[in-house]
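Just below is one structure, and these are the notes that go with it.
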Amino acid sequence: MPDGDPARGAPAIDWVERAAVGASALCLIHCAGLPLLLAALPALSSLIAVPESFHVWVLAFAVPTSALALFTGRHHHRQVYPLMIGAVGLMLLAIGVLLLGGRWETPVTIMGSLCLAFAHIANWRLRHLRHRHRA
């Protein structure tokens, strides 16, 4: 190949193209894929046998992780409503898992999950308010 051949620069531009495609894929997963996966998790529960203690373990995981995320977000964006909605969601989850049984357990738990999901989405949006995705 002669020194002035444009093919000589192809590997560098290929690397840049691959990096751009990878960044776009990560952005897609970050912005769309994870919420879709989280939305599908309740539907999977009807296909998989889950012991009753599973709900207590999920609650034990949700309380500290949600508290950490929502308090950190509150410190960053100074808005209180995601924290308050998240606290209501966690209380509803705890009531549904620990105190209720029968026909009220599921609706109360679903309401708690929806409140908590809304709180985390609001918290995420407020933390990334200035974040812009670039092509």
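Chain labels run A, B, ... following the order of the structure tokens; each chain numbers its residues from 1, and ligands are numbered from 1 in the order shown.
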
Shell around segment 110-119 of chain A at 12 Å using only C-alpha atoms, local window under 5 positions removed, as a PyMOL selection string:
chain A and resi 35+38-39+41-42+58-59+62-63+65-67+69-71+73-74+79-97+104-105+124-126

Could you tell me how far atom CA of Asn123 of chain A lies from atom CA of Leu100 of chain A, in Å and to one decimal?
28.7 Å
